[in-house]
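Structure, as C-alpha cells:
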Amino acid sequence: MRNIVLKLSVLYFILAFPTHADQTSKDGFVTANIISSNCIKPFYPKDSLLAGEQGVSMISLHIDLKGNVTEAKVKESSGYTALDETAIKMFSPCKFTPATQDGQPVASWKDVKYNFKIKSS
C-alpha cells in the first residue's frame with residue numbers, strides 16, 4: 001500500500017535558502033539575506049505526504065527595513081496548493097538582514113525556493 005511505503009520512507013527536505021554572499025550591484029544595492037534560525041522548522045503537510053505530492057515552491061517575500069516579512073506570495077507554484085501554503089507558513093516568520101542601498105536599509109522583495117521531495121531509503 002502506498003501509505004505504508006510513504007510512512008516507511010525516509011524524508012529528506014532540501015531547503016534552498018539563499019546561500020550566496022552579499023552581492024553589491026553597481027548602484028550600491030545589497031540584497032536581503034535570511035537568518036535561518038528564526039524560521040519555522042521545515043515540515044511536510046501530512047495529506048500531501050500521503051498523496052505523494054512533490055514539487056518546488058518559489059515564494060516572494062517583502063522584507064521591511066527591520067528585516068521582517070510583511071508580505072508573502074507564491075511566485076512559482078509547486079503545482080499543489082498545500083505545499084505552496086506550507087512554504088509561505090515556513091518562510092513568513094523568518095527574519096532577514098534587510099537589503100541596503102548605499103549602506104542604508106531599504107525594503108525589498110526576496111525570492112526563496114523550497115523543494116518538497118520524498119525519497120525512499
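Residues are named by chain letter and number: chains run A, B, ... in the order of the C-alpha cells, numbers start at 1 in each chain, and ligands are numbered from 1 in the order shown.
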Pull the closest atom pair for each residue of segment 61-90 of chain A that gets at most 12 Å from segment 114-121 of chain A, along with the distance in Å to one decimal, counting only C-alpha atoms, ordering rows by chain and then ascending residue number, as a Markdown table.
```
| residue | atom | partner | partner_atom | distance |
| --- | --- | --- | --- | --- |
| A:Val74 | CA | A:Tyr114 | CA | 11.2 |
| A:Lys75 | CA | A:Tyr114 | CA | 11.9 |
| A:Glu76 | CA | A:Tyr114 | CA | 10.7 |
| A:Ser77 | CA | A:Tyr114 | CA | 10.5 |
| A:Ser78 | CA | A:Phe116 | CA | 8.4 |
| A:Gly79 | CA | A:Phe116 | CA | 11.1 |
| A:Tyr80 | CA | A:Phe116 | CA | 10.4 |
| A:Ala82 | CA | A:Phe116 | CA | 10.9 |
| A:Leu83 | CA | A:Phe116 | CA | 7.4 |
| A:Asp84 | CA | A:Tyr114 | CA | 8.9 |
| A:Glu85 | CA | A:Tyr114 | CA | 11.3 |
| A:Thr86 | CA | A:Tyr114 | CA | 9.7 |
| A:Ala87 | CA | A:Tyr114 | CA | 6.6 |
| A:Ile88 | CA | A:Tyr114 | CA | 9.6 |
| A:Lys89 | CA | A:Tyr114 | CA | 11.5 |
| A:Met90 | CA | A:Tyr114 | CA | 9.5 |
```
Those selected residues, please, written with C-alpha atoms and delivered as a PDB file, in the first residue's frame.
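Generated file (out36.pdb):
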```pdb
ATOM      1  CA  VAL A  74       3.587  32.370  -4.406  1.00  0.00           C
ATOM      2  CA  LYS A  75       5.753  33.366  -7.359  1.00  0.00           C
ATOM      3  CA  GLU A  76       6.011  29.871  -8.889  1.00  0.00           C
ATOM      4  CA  SER A  77       3.731  27.096  -7.695  1.00  0.00           C
ATOM      5  CA  SER A  78       4.819  23.568  -6.878  1.00  0.00           C
ATOM      6  CA  GLY A  79       1.590  22.502  -8.520  1.00  0.00           C
ATOM      7  CA  TYR A  80      -0.005  21.767  -5.148  1.00  0.00           C
ATOM      8  CA  ALA A  82      -0.998  22.650   0.233  1.00  0.00           C
ATOM      9  CA  LEU A  83       2.747  22.653  -0.500  1.00  0.00           C
ATOM     10  CA  ASP A  84       2.727  26.310  -1.565  1.00  0.00           C
ATOM     11  CA  GLU A  85       0.771  27.352   1.542  1.00  0.00           C
ATOM     12  CA  THR A  86       3.162  25.391   3.749  1.00  0.00           C
ATOM     13  CA  ALA A  87       6.168  27.134   2.184  1.00  0.00           C
ATOM     14  CA  ILE A  88       4.563  30.503   2.940  1.00  0.00           C
ATOM     15  CA  LYS A  89       3.934  29.404   6.556  1.00  0.00           C
ATOM     16  CA  MET A  90       7.574  28.354   6.951  1.00  0.00           C
TER      17      MET A  90
END
```
Would you return as a list in words the members of segment 80-120 of chain A that DSSP assigns to helix (DSSP H, G or I) on this structure's backbone? Thr81, Ala82, Leu83, Asp84, Glu85, Thr86, Ala87, Ile88, Lys89, Met90 and Phe91 of chain A
Closest pair table for segment 47-116 of chain A residues within 8 Å of segment 27-42 of chain A, only C-alpha atoms, as CSV:
```
residue,atom,partner,partner_atom,distance
A:Ile63,CA,A:Ala32,CA,7.5
A:Gly67,CA,A:Ala32,CA,7.7
A:Lys89,CA,A:Ile40,CA,7.8
A:Met90,CA,A:Ile40,CA,5.0
A:Phe91,CA,A:Cys39,CA,6.2
A:Ser92,CA,A:Cys39,CA,7.8
A:Pro93,CA,A:Cys39,CA,5.8
A:Cys94,CA,A:Cys39,CA,4.3
A:Lys95,CA,A:Ile35,CA,5.5
A:Phe96,CA,A:Ile34,CA,4.3
A:Thr97,CA,A:Asn33,CA,5.3
A:Pro98,CA,A:Ala32,CA,4.6
A:Ala99,CA,A:Ala32,CA,4.0
A:Thr100,CA,A:Val30,CA,5.1
A:Gln101,CA,A:Phe29,CA,4.4
A:Asp102,CA,A:Gly28,CA,4.8
A:Gly103,CA,A:Gly28,CA,7.6
A:Ser108,CA,A:Ala32,CA,7.4
A:Lys110,CA,A:Ala32,CA,6.8
```
Compare A:Thr81, A:Ala72, A:Lys113, A:Phe43 by their minimum atom-to-atom distance to Ser57 of chain A, counting only C-alpha atoms, and give me the closest one.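 Answer, going by the shortest atom-to-atom distance: A:Lys113.
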Atom pair atom CA of Asp111 of chain A / atom CA of Leu49 of chain A: separation (Å): 24.6 Å
Name the closest residue to Met58 of chain A among the candidates A:Thr70, A:Val112, A:Gln104, A:Lys46; distances are taken between atoms, counting only C-alpha atoms.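 Distance minimum relative to Met58 of chain A lands on A:Val112.
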